[in-house]
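**Q** Mind having a look at this structure? Questions to follow.
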Amino acid sequence: MKRRTLLKTAVAVPLVLAGGAAGVSAVARSKEYDLSGLLQELQALNGQRLRSGTAWSVSEVFQHCAQSIRGSMDGYPQHYSSLFKHTAGSAALAVFRAAGSMRHNLTEGLPGMVAADPALEQEVALQMLLVALQDFMAYSAELAPHFAYGELDKTAYAAAHELHIRNHLQQIFPA
């Protein structure tokens with residue numbers, strides 16, 4: 001976890017522990033996250049030449065986002081501690097949801113997952129992301145615990161996925 005995220009979490013956790021959890025959670029739950037709108041935006045990227053503003057290629061970004069979505073359905077290979085998930089992790093997600101945006105390290109892979117293939121074509125990686133998102137939207141079985149946030153219902157996962165993808169999209173530009 002990067003220092004900036006850790007500092008934000010360090011501020012949020014005492015607020016949550018001091019009784020602010022109800023307020024932050026209520027604000028977080030009141031925000032709507034429309035994955036169908038995000039899906040349409042991603043579909044509109046088909047055929048476009050794009051570049052990344054990070055060390056990862058656009059393909060690596062799309063692969064990473066697809067992996068994250070798949071993890072919510074299939075499980076993540078490694079998890080942070082239960083203590084982390086029940087304190088800093090859940091507090092961070094509540095703050096992200098309440099703020100309507102996420103800030104995280106845009107080139108840090110998911111714990112235990114295979115690194116994205118930089119040689120994979122952008123269009124193939126985009127299709128992987130689109131299929132993963134559609135699969136998640138149609139998914140009705142029990143979701144796997146998030147590696148950092150813990151147990152999430154479908155609404156919370158939808159928020160986490162949208163915020164995560166949108167944070168990455170902030171560094172994707174027309175080529």
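To be explicit about the labels: the chains of the structure tokens are called A, B, and onward in the order shown, and within each one the residues are counted from 1, while ligands get numbers from 1 in the order they are shown.
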Could you give me, as a VMD selection string, each residue of segment 87-151 of chain A that DSSP assigns to helix (DSSP H, G or I) when run on this structure's backbone?
**A** chain A and resid 87 to 99 122 to 138
**Q** Write out as a list of chain:residue names the residues lying within 8 Å of Leu126 of chain A, counting only C-alpha atoms and excluding same-chain residues fewer than 2 positions away.
**A** A:Leu42, A:Asn46, A:Ser59, A:Phe62, A:Gln63, A:Gln122, A:Glu123, A:Val124, A:Met128, A:Leu129, A:Leu130
**Q** If you count only C-alpha atoms, which residues fall within 10 Å of Glu151 of chain A, apart from same-chain ones fewer than 5 positions away, as an NGL selection string?
**A** :A and (72 or 85-86 or 90 or 143-146 or 156-157)
**Q** Keeping C-alpha atoms for every residue in the selection just given, could you write it to a file as a JSON list (two decimals), in the first residue's frame?
**A**
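out.json, freshly written:
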```json
[["chain", "number", "residue", "atom", "x", "y", "z"],
["A", 72, "SER", "CA", -14.48, -11.30, -7.08],
["A", 85, "LYS", "CA", -9.60, -6.27, 6.02],
["A", 86, "HIS", "CA", -11.78, -5.50, 9.05],
["A", 90, "SER", "CA", -13.09, -1.83, 4.90],
["A", 143, "LEU", "CA", -18.93, -13.74, -4.32],
["A", 144, "ALA", "CA", -15.43, -14.39, -3.02],
["A", 145, "PRO", "CA", -14.00, -12.15, -0.29],
["A", 146, "HIS", "CA", -11.94, -9.24, -1.58],
["A", 156, "ALA", "CA", -20.28, -3.09, -2.77],
["A", 157, "TYR", "CA", -18.28, -5.10, -5.30]]
```
**Q** If we count only C-alpha atoms, what is near Thr54 of chain A at a cut-off of 8 Å, once residues fewer than 3 positions away on the same chain are taken out, given as a ChimeraX atom specification?
**A** /A:57,106-107,171
**Q** Just the residues within 10 Å of Glu60 of chain A, please, counting only C-alpha atoms, with nothing from its chain fewer than 5 positions along; format it as a list of chain:residue names.
**A**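 Counting only the stated atoms, we get A:Ser52, A:Ala55, A:Cys65, A:Ala66, A:Thr107, A:Gly109, A:Ala115, A:Ala116, A:Asp117, A:Pro118, A:Ala119, A:Leu120, A:Glu121, A:Gln122, A:Ala125, A:Leu126.
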**Q** Determine the nearest neighbour of Ala44 of chain A from the options A:Val61, A:Asp135, A:Phe147, A:Gln127, counting only C-alpha atoms.
**A** A:Gln127
**Q** So how many Å separate atom CA of Gln170 of chain A and atom CA of Tyr139 of chain A, to one decimal?
**A**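 The value is 27.0 Å.
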**Q** Which is closest to Ala132 of chain A among A:Ile165, A:Leu110, A:Ile69, A:Leu39, if we use only C-alpha atoms?
**A**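 Counting only C-alpha atoms, the residue closest to Ala132 of chain A is A:Ile69.
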**Q** Rank nothing, just name the residue among A:Leu38, A:His161, A:Thr87, A:Phe173 nearest to Met102 of chain A, using only C-alpha atoms.
**A**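 Using only C-alpha atoms, Met102 of chain A sits closest to A:His161.
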**Q** Rank A:Ser36, A:Asn167, A:Ser68, A:Ser81 by their smallest atom-to-atom distance to Gln134 of chain A, using only C-alpha atoms, and report the top residue only.
**A**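 Between A:Ser36, A:Asn167, A:Ser68, A:Ser81, the residue approaching Gln134 of chain A most closely is A:Ser36.
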**Q** When you look at Glu142 of chain A with a cut-off of 9 Å (counting only C-alpha atoms), what residues show up, excluding the ones that are within fewer than 3 positions of it in the same chain? I need them as a list in words.
**A**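 Counting only the stated atoms, we get Met73, Tyr139, Asp153 and Lys154 of chain A.
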**Q** Can you tell me how far atom CA of Asp34 of chain A sits from atom CA of Glu162 of chain A, in Å to one decimal?
**A**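 Answer for the atom CA of Asp34 of chain A to atom CA of Glu162 of chain A separation: 7.9 Å.
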**Q** Grab the atom CA of Glu32 of chain A to atom CA of Phe84 of chain A distance for me, in Å with one decimal place.
**A**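 Atom CA of Phe84 of chain A lies at a distance of 26.0 Å from atom CA of Glu32 of chain A.
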**Q** Near Arg49 of chain A, counting only C-alpha atoms, which residues have an atom at most 8 Å away, once you skip same-chain residues fewer than 2 positions from it, shown as a PyMOL selection string?
**A** chain A and resi 47+51+174-175
**Q** Keeping only all heavy atoms, take the residues you just selected and write them out as a CSV table (one decimal), in the first residue's frame.
**A**
```csv
chain,number,residue,atom,x,y,z
A,47,GLY,N,-11.4,-0.4,-31.0
A,47,GLY,CA,-10.8,0.1,-32.2
A,47,GLY,C,-10.1,1.4,-32.1
A,47,GLY,O,-9.5,1.9,-33.0
A,51,ARG,N,-3.1,5.2,-25.4
A,51,ARG,CA,-1.8,5.1,-24.7
A,51,ARG,C,-2.0,5.3,-23.2
A,51,ARG,O,-3.1,5.8,-22.7
A,51,ARG,CB,-0.9,6.2,-25.2
A,51,ARG,CG,-1.3,7.6,-24.8
A,51,ARG,CD,-0.3,8.7,-25.3
A,51,ARG,NE,-0.8,10.0,-25.0
A,51,ARG,CZ,-0.7,10.6,-23.9
A,51,ARG,NH1,-0.2,10.0,-22.8
A,51,ARG,NH2,-1.2,11.8,-23.7
A,174,PRO,N,-6.1,9.0,-25.7
A,174,PRO,CA,-6.0,8.8,-27.1
A,174,PRO,C,-4.5,8.8,-27.5
A,174,PRO,O,-3.8,9.7,-27.0
A,174,PRO,CB,-6.8,9.9,-27.8
A,174,PRO,CG,-7.7,10.4,-26.7
A,174,PRO,CD,-7.0,10.2,-25.4
A,175,ALA,N,-4.2,7.9,-28.4
A,175,ALA,CA,-2.7,7.9,-28.9
A,175,ALA,C,-2.5,9.0,-29.9
A,175,ALA,O,-3.4,9.5,-30.6
A,175,ALA,CB,-2.4,6.5,-29.4
```
